[in-house]
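Trainee: See coords.cif below, with mmCIF, C-alpha atoms.
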data_coords
#
loop_
_atom_site.group_PDB
_atom_site.id
_atom_site.type_symbol
_atom_site.label_atom_id
_atom_site.label_comp_id
_atom_site.auth_asym_id
_atom_site.auth_seq_id
_atom_site.Cartn_x
_atom_site.Cartn_y
_atom_site.Cartn_z
ATOM 1 C CA GLU A 17 0.000 0.000 0.000
ATOM 2 C CA THR A 18 1.087 3.529 -0.661
ATOM 3 C CA GLY A 19 -1.460 5.265 1.573
ATOM 4 C CA LEU A 20 -0.568 6.784 4.906
ATOM 5 C CA LEU A 21 -1.522 4.721 7.965
ATOM 6 C CA LEU A 22 -2.311 6.556 11.204
ATOM 7 C CA VAL A 23 -3.085 5.086 14.612
ATOM 8 C CA THR A 24 -4.417 7.135 17.511
ATOM 9 C CA VAL A 25 -2.295 7.158 20.661
ATOM 10 C CA LYS A 26 -2.628 8.777 24.060
ATOM 11 C CA ALA A 27 -1.945 12.523 24.039
ATOM 12 C CA LYS A 28 1.325 13.610 25.608
ATOM 13 C CA MET A 29 2.716 16.983 26.483
ATOM 14 C CA MET A 30 5.226 18.619 24.160
ATOM 15 C CA PHE A 31 8.864 18.017 25.206
ATOM 16 C CA PRO A 32 8.180 15.842 28.303
ATOM 17 C CA ARG A 33 11.858 14.840 28.491
ATOM 18 C CA GLY A 34 12.926 18.464 28.227
ATOM 19 C CA ALA A 35 15.633 20.164 26.231
ATOM 20 C CA ALA A 36 19.394 20.412 26.389
ATOM 21 C CA ILE A 37 20.897 23.808 25.598
ATOM 22 C CA PHE A 38 24.513 23.882 24.455
ATOM 23 C CA ALA A 39 26.734 26.962 24.273
ATOM 24 C CA ILE A 40 30.435 27.157 23.473
ATOM 25 C CA THR A 41 31.311 30.807 24.211
ATOM 26 C CA ARG A 42 30.821 33.229 27.099
ATOM 27 C CA GLN A 43 28.260 35.265 25.129
ATOM 28 C CA GLY A 44 26.640 32.004 24.060
ATOM 29 C CA VAL A 45 26.091 31.073 27.713
ATOM 30 C CA GLU A 46 24.364 34.434 28.250
ATOM 31 C CA THR A 47 22.094 33.687 25.279
ATOM 32 C CA ALA A 48 21.531 30.140 26.565
ATOM 33 C CA THR A 49 20.381 31.548 29.908
ATOM 34 C CA LYS A 50 17.724 33.640 28.143
ATOM 35 C CA ILE A 51 16.653 30.551 26.197
ATOM 36 C CA ARG A 52 16.380 28.529 29.416
ATOM 37 C CA ASP A 53 14.152 31.238 30.884
ATOM 38 C CA ALA A 54 11.936 31.292 27.761
ATOM 39 C CA LEU A 55 11.531 27.509 27.883
ATOM 40 C CA LYS A 56 10.748 27.598 31.593
ATOM 41 C CA GLU A 57 7.962 30.122 30.907
ATOM 42 C CA LYS A 58 6.393 27.561 28.558
ATOM 43 C CA GLY A 59 6.763 24.731 31.070
ATOM 44 C CA ILE A 60 9.665 23.064 29.282
ATOM 45 C CA LYS A 61 12.456 21.873 31.549
ATOM 46 C CA SER A 62 15.971 22.396 30.261
ATOM 47 C CA GLN A 63 19.615 22.182 31.189
ATOM 48 C CA ILE A 64 22.480 24.303 29.868
ATOM 49 C CA TYR A 65 25.816 22.693 28.984
ATOM 50 C CA ALA A 66 28.994 24.695 28.342
ATOM 51 C CA PRO A 67 32.780 24.370 28.411
ATOM 52 C CA GLU A 68 34.174 24.404 31.948
ATOM 53 C CA ARG A 69 35.645 27.909 31.597
ATOM 54 C CA TYR A 70 32.238 29.430 30.682
ATOM 55 C CA ALA A 71 29.881 27.265 32.735
ATOM 56 C CA GLN A 72 29.835 29.638 35.738
ATOM 57 C CA ASN A 73 26.966 28.589 38.003
ATOM 58 C CA VAL A 74 24.390 28.295 35.217
ATOM 59 C CA ALA A 75 25.632 25.355 33.146
ATOM 60 C CA VAL A 76 26.827 21.807 33.502
ATOM 61 C CA PRO A 77 30.529 21.979 32.647
ATOM 62 C CA VAL A 78 31.621 19.774 29.745
ATOM 63 C CA LYS A 79 35.060 18.949 28.393
ATOM 64 C CA ARG A 80 33.964 18.383 24.780
ATOM 65 C CA THR A 81 30.644 19.775 23.599
ATOM 66 C CA LYS A 82 30.520 17.279 20.732
ATOM 67 C CA ASP A 83 30.663 14.370 23.194
ATOM 68 C CA ALA A 84 28.048 15.948 25.462
ATOM 69 C CA ILE A 85 25.614 16.397 22.562
ATOM 70 C CA LYS A 86 26.088 12.755 21.571
ATOM 71 C CA GLN A 87 25.519 11.685 25.167
ATOM 72 C CA VAL A 88 22.141 13.443 25.572
ATOM 73 C CA PHE A 89 20.871 13.141 21.974
ATOM 74 C CA SER A 90 18.515 10.230 22.645
ATOM 75 C CA ASP A 91 17.550 11.352 26.163
ATOM 76 C CA VAL A 92 15.867 14.700 25.408
ATOM 77 C CA ASP A 93 13.060 15.875 23.161
ATOM 78 C CA GLY A 94 14.913 18.986 22.048
ATOM 79 C CA ILE A 95 18.412 20.320 21.597
ATOM 80 C CA VAL A 96 19.097 24.028 21.305
ATOM 81 C CA ALA A 97 22.637 24.705 20.133
ATOM 82 C CA VAL A 98 23.980 28.224 20.518
ATOM 83 C CA MET A 99 26.696 27.886 17.899
ATOM 84 C CA ALA A 100 27.254 27.668 14.144
ATOM 85 C CA THR A 101 24.967 25.279 12.283
ATOM 86 C CA GLY A 102 27.962 23.586 10.651
ATOM 87 C CA ILE A 103 29.247 22.420 14.021
ATOM 88 C CA VAL A 104 25.843 20.998 14.893
ATOM 89 C CA VAL A 105 25.320 19.281 11.533
ATOM 90 C CA ARG A 106 28.679 17.521 11.741
ATOM 91 C CA THR A 107 28.025 16.484 15.344
ATOM 92 C CA ILE A 108 24.515 15.083 14.924
ATOM 93 C CA ALA A 109 24.825 13.560 11.424
ATOM 94 C CA PRO A 110 26.003 10.121 12.633
ATOM 95 C CA LEU A 111 23.257 10.067 15.300
ATOM 96 C CA LEU A 112 20.252 10.531 13.004
ATOM 97 C CA LYS A 113 17.731 7.682 12.822
ATOM 98 C CA SER A 114 14.256 8.885 11.810
ATOM 99 C CA LYS A 115 12.206 12.048 11.530
ATOM 100 C CA LEU A 116 9.749 10.323 13.853
ATOM 101 C CA SER A 117 12.245 9.642 16.649
ATOM 102 C CA ASP A 118 15.097 12.166 16.408
ATOM 103 C CA PRO A 119 14.866 15.090 18.831
ATOM 104 C CA ALA A 120 14.029 18.587 17.688
ATOM 105 C CA VAL A 121 17.243 20.478 16.957
ATOM 106 C CA VAL A 122 17.382 24.269 16.889
ATOM 107 C CA CYS A 123 20.474 26.385 16.212
ATOM 108 C CA VAL A 124 20.832 29.906 17.569
ATOM 109 C CA ASP A 125 23.605 32.337 16.721
ATOM 110 C CA THR A 126 25.710 33.476 19.670
ATOM 111 C CA SER A 127 24.163 36.944 19.777
ATOM 112 C CA GLY A 128 20.624 35.532 19.710
ATOM 113 C CA LYS A 129 19.456 37.213 16.492
ATOM 114 C CA PHE A 130 18.309 34.059 14.689
ATOM 115 C CA ALA A 131 16.761 30.769 15.811
ATOM 116 C CA ILE A 132 16.908 28.119 13.076
ATOM 117 C CA SER A 133 14.782 24.972 12.959
ATOM 118 C CA LEU A 134 17.372 22.414 11.855
ATOM 119 C CA LEU A 135 15.974 18.926 12.448
ATOM 120 C CA SER A 136 12.617 17.265 13.193
ATOM 121 C CA GLY A 137 10.683 20.392 12.297
ATOM 122 C CA HIS A 138 7.136 19.115 12.383
ATOM 123 C CA TYR A 139 6.803 15.816 14.169
ATOM 124 C CA GLY A 140 9.737 16.378 16.512
ATOM 125 C CA GLY A 141 8.602 19.899 17.330
ATOM 126 C CA ALA A 142 11.653 21.874 16.164
ATOM 127 C CA ASN A 143 9.476 24.452 14.421
ATOM 128 C CA LYS A 144 7.509 25.036 17.619
ATOM 129 C CA LEU A 145 10.688 25.081 19.722
ATOM 130 C CA THR A 146 12.234 27.560 17.273
ATOM 131 C CA LYS A 147 9.270 29.893 17.681
ATOM 132 C CA ILE A 148 9.441 29.673 21.490
ATOM 133 C CA VAL A 149 13.182 30.393 21.480
ATOM 134 C CA ALA A 150 12.853 33.243 18.967
ATOM 135 C CA GLU A 151 10.041 34.826 20.959
ATOM 136 C CA GLY A 152 12.048 34.585 24.186
ATOM 137 C CA LEU A 153 15.096 36.192 22.596
ATOM 138 C CA GLY A 154 13.333 38.727 20.402
ATOM 139 C CA ALA A 155 14.992 36.881 17.505
ATOM 140 C CA THR A 156 13.914 35.957 14.001
ATOM 141 C CA ALA A 157 12.619 32.393 13.681
ATOM 142 C CA VAL A 158 14.008 30.697 10.568
ATOM 143 C CA ILE A 159 11.742 27.852 9.464
ATOM 144 C CA THR A 160 12.182 26.437 5.979
ATOM 145 C CA THR A 161 9.771 23.492 5.821
ATOM 146 C CA ALA A 162 7.620 23.788 2.695
ATOM 147 C CA SER A 163 4.279 23.470 4.450
ATOM 148 C CA ASP A 164 5.158 26.318 6.832
ATOM 149 C CA VAL A 165 6.403 28.533 4.026
ATOM 150 C CA LEU A 166 3.201 27.832 2.055
ATOM 151 C CA GLY A 167 0.938 28.224 5.098
ATOM 152 C CA LYS A 168 -0.286 24.610 4.977
ATOM 153 C CA GLN A 169 -0.381 21.837 7.566
ATOM 154 C CA SER A 170 1.883 18.837 6.943
ATOM 155 C CA ILE A 171 0.638 15.286 7.389
ATOM 156 C CA ASP A 172 3.062 14.678 10.265
ATOM 157 C CA GLU A 173 1.763 17.821 12.016
ATOM 158 C CA LEU A 174 -1.807 16.613 11.495
ATOM 159 C CA ALA A 175 -0.911 13.194 12.920
ATOM 160 C CA LYS A 176 0.597 14.803 16.002
ATOM 161 C CA LYS A 177 -2.392 17.132 16.430
ATOM 162 C CA LEU A 178 -4.755 14.146 16.261
ATOM 163 C CA HIS A 179 -2.518 12.196 18.694
ATOM 164 C CA CYS A 180 -1.695 9.611 16.054
ATOM 165 C CA ILE A 181 1.463 7.773 15.155
ATOM 166 C CA ILE A 182 2.419 7.090 11.564
ATOM 167 C CA LEU A 183 2.774 3.341 11.053
ATOM 168 C CA ASN A 184 4.301 3.463 7.586
ATOM 169 C CA SER A 185 6.814 6.273 8.091
ATOM 170 C CA GLN A 186 8.524 5.372 4.811
ATOM 171 C CA SER A 187 5.583 7.106 3.115
ATOM 172 C CA LEU A 188 6.879 10.426 4.477
ATOM 173 C CA VAL A 189 9.609 11.820 2.296
#
For the file at hand, write its structure as structure tokens.

Mentor:
Amino acid sequence: ETGLLLVTVKAKMMFPRGAAIFAITRQGVETATKIRDALKEKGIKSQIYAPERYAQNVAVPVKRTKDAIKQVFSDVDGIVAVMATGIVVRTIAPLLKSKLSDPAVVCVDTSGKFAISLLSGHYGGANKLTKIVAEGLGATAVITTASDVLGKQSIDELAKKLHCIILNSQSLV
């Protein structure tokens, strides 16, 4: 069959496992703190991670950010990375499994001007997380998924809204 198969499941809150916020510079940690506060306002728990020299009292100190991202990737519903998108893409590429199971990934520039939905935009909630982060920072949300750009609802968004899971995920391209 080529049709889409949906099954209703119990509703769950958005980002129940929370979000990990990663920053790699001093200014990035300041931006990460604002992001943490914006997420808290929306009821989303989060933890900031930063290199030992910038962690201060607001972040979990890490030796290698790349290793820390890999460590939490499967344990959170969202990752907000306050760093260049190239760093994030190279770090998460080997970890990717499915648009239905990968966490939402959002990149934010160090100064907090742009929040970019990078991975798991619809089903994983990155587009929503991007909007929350952008609103909290007074930043521009950058969302490039076709349905959003065209003002239409995607099938994976509809499935989530109806509390359904997609049984034949290969039908989503």

Trainee: Ranking A:Val122, A:Val92, A:Ala100, A:Ile40 by minimum distance to Arg80 (chain A) and counting only C-alpha atoms, which one comes first?

Mentor: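 Closest to Arg80 (chain A), using only C-alpha atoms: A:Ile40.
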
Trainee: Residues of region 134-161 of chain A that have any atom at most 12 Å from an atom of region 113-121 of chain A: could you tabulate them with the shortest-distance atom pair and the distance in Å to one decimal, using all atoms listed in the file, ordered by chain and increasing number, as a Markdown table?

Mentor:
| residue | atom | partner | partner_atom | distance |
| --- | --- | --- | --- | --- |
| A:Leu134 | CA | A:Val121 | CA | 5.5 |
| A:Leu135 | CA | A:Val121 | CA | 4.9 |
| A:Ser136 | CA | A:Ala120 | CA | 4.9 |
| A:Gly137 | CA | A:Ala120 | CA | 6.6 |
| A:His138 | CA | A:Ala120 | CA | 8.7 |
| A:Tyr139 | CA | A:Leu116 | CA | 6.2 |
| A:Gly140 | CA | A:Ala120 | CA | 5.0 |
| A:Gly141 | CA | A:Ala120 | CA | 5.6 |
| A:Ala142 | CA | A:Ala120 | CA | 4.3 |
| A:Asn143 | CA | A:Ala120 | CA | 8.1 |
| A:Lys144 | CA | A:Ala120 | CA | 9.2 |
| A:Leu145 | CA | A:Ala120 | CA | 7.6 |
| A:Thr146 | CA | A:Val121 | CA | 8.7 |
| A:Val149 | CA | A:Val121 | CA | 11.6 |
| A:Ile159 | CA | A:Val121 | CA | 11.9 |

Trainee: I'd like the residues picked by the PyMOL selection byres ((chain A and resi 63) around 10) written out as a list in words, using the chain letters and numbers from the file.

Mentor: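 With the PyMOL selection byres ((chain A and resi 63) around 10) on this model, the match is Gly34, Ala35, Ala36, Ile37, Phe38, Ala48, Thr49, Arg52, Lys61, Ser62, Ile64, Tyr65, Val74, Ala75, Val76 and Ile95 of chain A.
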
Trainee: Can I get the selection written as a CSV table (one decimal), in the coordinates of the input, with C-alpha atoms?

Mentor:
chain,number,residue,atom,x,y,z
A,34,GLY,CA,12.9,18.5,28.2
A,35,ALA,CA,15.6,20.2,26.2
A,36,ALA,CA,19.4,20.4,26.4
A,37,ILE,CA,20.9,23.8,25.6
A,38,PHE,CA,24.5,23.9,24.5
A,48,ALA,CA,21.5,30.1,26.6
A,49,THR,CA,20.4,31.5,29.9
A,52,ARG,CA,16.4,28.5,29.4
A,61,LYS,CA,12.5,21.9,31.5
A,62,SER,CA,16.0,22.4,30.3
A,64,ILE,CA,22.5,24.3,29.9
A,65,TYR,CA,25.8,22.7,29.0
A,74,VAL,CA,24.4,28.3,35.2
A,75,ALA,CA,25.6,25.4,33.1
A,76,VAL,CA,26.8,21.8,33.5
A,95,ILE,CA,18.4,20.3,21.6

Trainee: Nearest to Val45 (chain A) among A:Ala109, A:Val98, A:Val78, A:Val158, with distances taken over only C-alpha atoms: which residue is it?

Mentor: A:Val98

Trainee: How many Å separate CA of Asp93 (chain A) from CA of Phe31 (chain A)?

Mentor: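 So the answer is 5.1 Å.
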
Trainee: For Thr41 (chain A), which residue out of A:Leu55, A:Asn73, A:Lys82, A:Thr126 is the nearest one, using only C-alpha atoms?

Mentor: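 Residue with the minimum atom-to-atom distance to Thr41 (chain A): A:Thr126.
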
Trainee: Which residue is closest to Gly128 (chain A)? Choose from A:Thr47, A:Ser90, A:Thr160, A:Gln72 and count only C-alpha atoms.

Mentor: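 Nearest to Gly128 (chain A): A:Thr47.
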
Trainee: Fewer than 2 positions away in the same chain doesn't count, so skip those; otherwise give me all residues within 12 Å of Gly154 (chain A), counting only C-alpha atoms, as a PyMOL selection string.

Mentor: chain A and resi 47+50-51+54+124+127-131+146-152+156-157

Trainee: Next, the residues of the selection above should be written as a PDB file, in the frame of the given file with C-alpha atoms.

Mentor:
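Heads up, here's the output in again.pdb:
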ATOM      1  CA  THR A  47      22.094  33.687  25.279  1.00  0.00           C
ATOM      2  CA  LYS A  50      17.724  33.640  28.143  1.00  0.00           C
ATOM      3  CA  ILE A  51      16.653  30.551  26.197  1.00  0.00           C
ATOM      4  CA  ALA A  54      11.936  31.292  27.761  1.00  0.00           C
ATOM      5  CA  VAL A 124      20.832  29.906  17.569  1.00  0.00           C
ATOM      6  CA  SER A 127      24.163  36.944  19.777  1.00  0.00           C
ATOM      7  CA  GLY A 128      20.624  35.532  19.710  1.00  0.00           C
ATOM      8  CA  LYS A 129      19.456  37.213  16.492  1.00  0.00           C
ATOM      9  CA  PHE A 130      18.309  34.059  14.689  1.00  0.00           C
ATOM     10  CA  ALA A 131      16.761  30.769  15.811  1.00  0.00           C
ATOM     11  CA  THR A 146      12.234  27.560  17.273  1.00  0.00           C
ATOM     12  CA  LYS A 147       9.270  29.893  17.681  1.00  0.00           C
ATOM     13  CA  ILE A 148       9.441  29.673  21.490  1.00  0.00           C
ATOM     14  CA  VAL A 149      13.182  30.393  21.480  1.00  0.00           C
ATOM     15  CA  ALA A 150      12.853  33.243  18.967  1.00  0.00           C
ATOM     16  CA  GLU A 151      10.041  34.826  20.959  1.00  0.00           C
ATOM     17  CA  GLY A 152      12.048  34.585  24.186  1.00  0.00           C
ATOM     18  CA  THR A 156      13.914  35.957  14.001  1.00  0.00           C
ATOM     19  CA  ALA A 157      12.619  32.393  13.681  1.00  0.00           C
TER      20      ALA A 157
END

Trainee: Could you check how far CA of Leu112 (chain A) sits from CA of Asp83 (chain A), in Å to one decimal?

Mentor: 15.1 Å

Trainee: So the first atom is CA of Glu68 (chain A) and the second is CA of Thr101 (chain A); what is the distance between them in Å, to one decimal place?

Mentor: 21.7 Å

Trainee: Taking all atoms listed in the file into account, name the residue in A:Ile132, A:Ile85, A:Asp91, A:Asp53 that is nearest to Thr107 (chain A).

Mentor: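 Closest candidate: A:Ile85.
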
Trainee: Draw an axis-aligned box tight on the listed atoms of region 43-47 of chain A, then pad every side by 6 Å and write out centre and edge lengths in Å to one decimal as AutoDock Vina command-line options.

Mentor:
--center_x 25.2 --center_y 33.2 --center_z 26.2 --size_x 18.2 --size_y 16.2 --size_z 16.2

Trainee: Counting only C-alpha atoms, which of A:Ala155, A:Ser133, A:Val105, A:Tyr70 gets nearest to Gln43 (chain A)?

Mentor: A:Tyr70
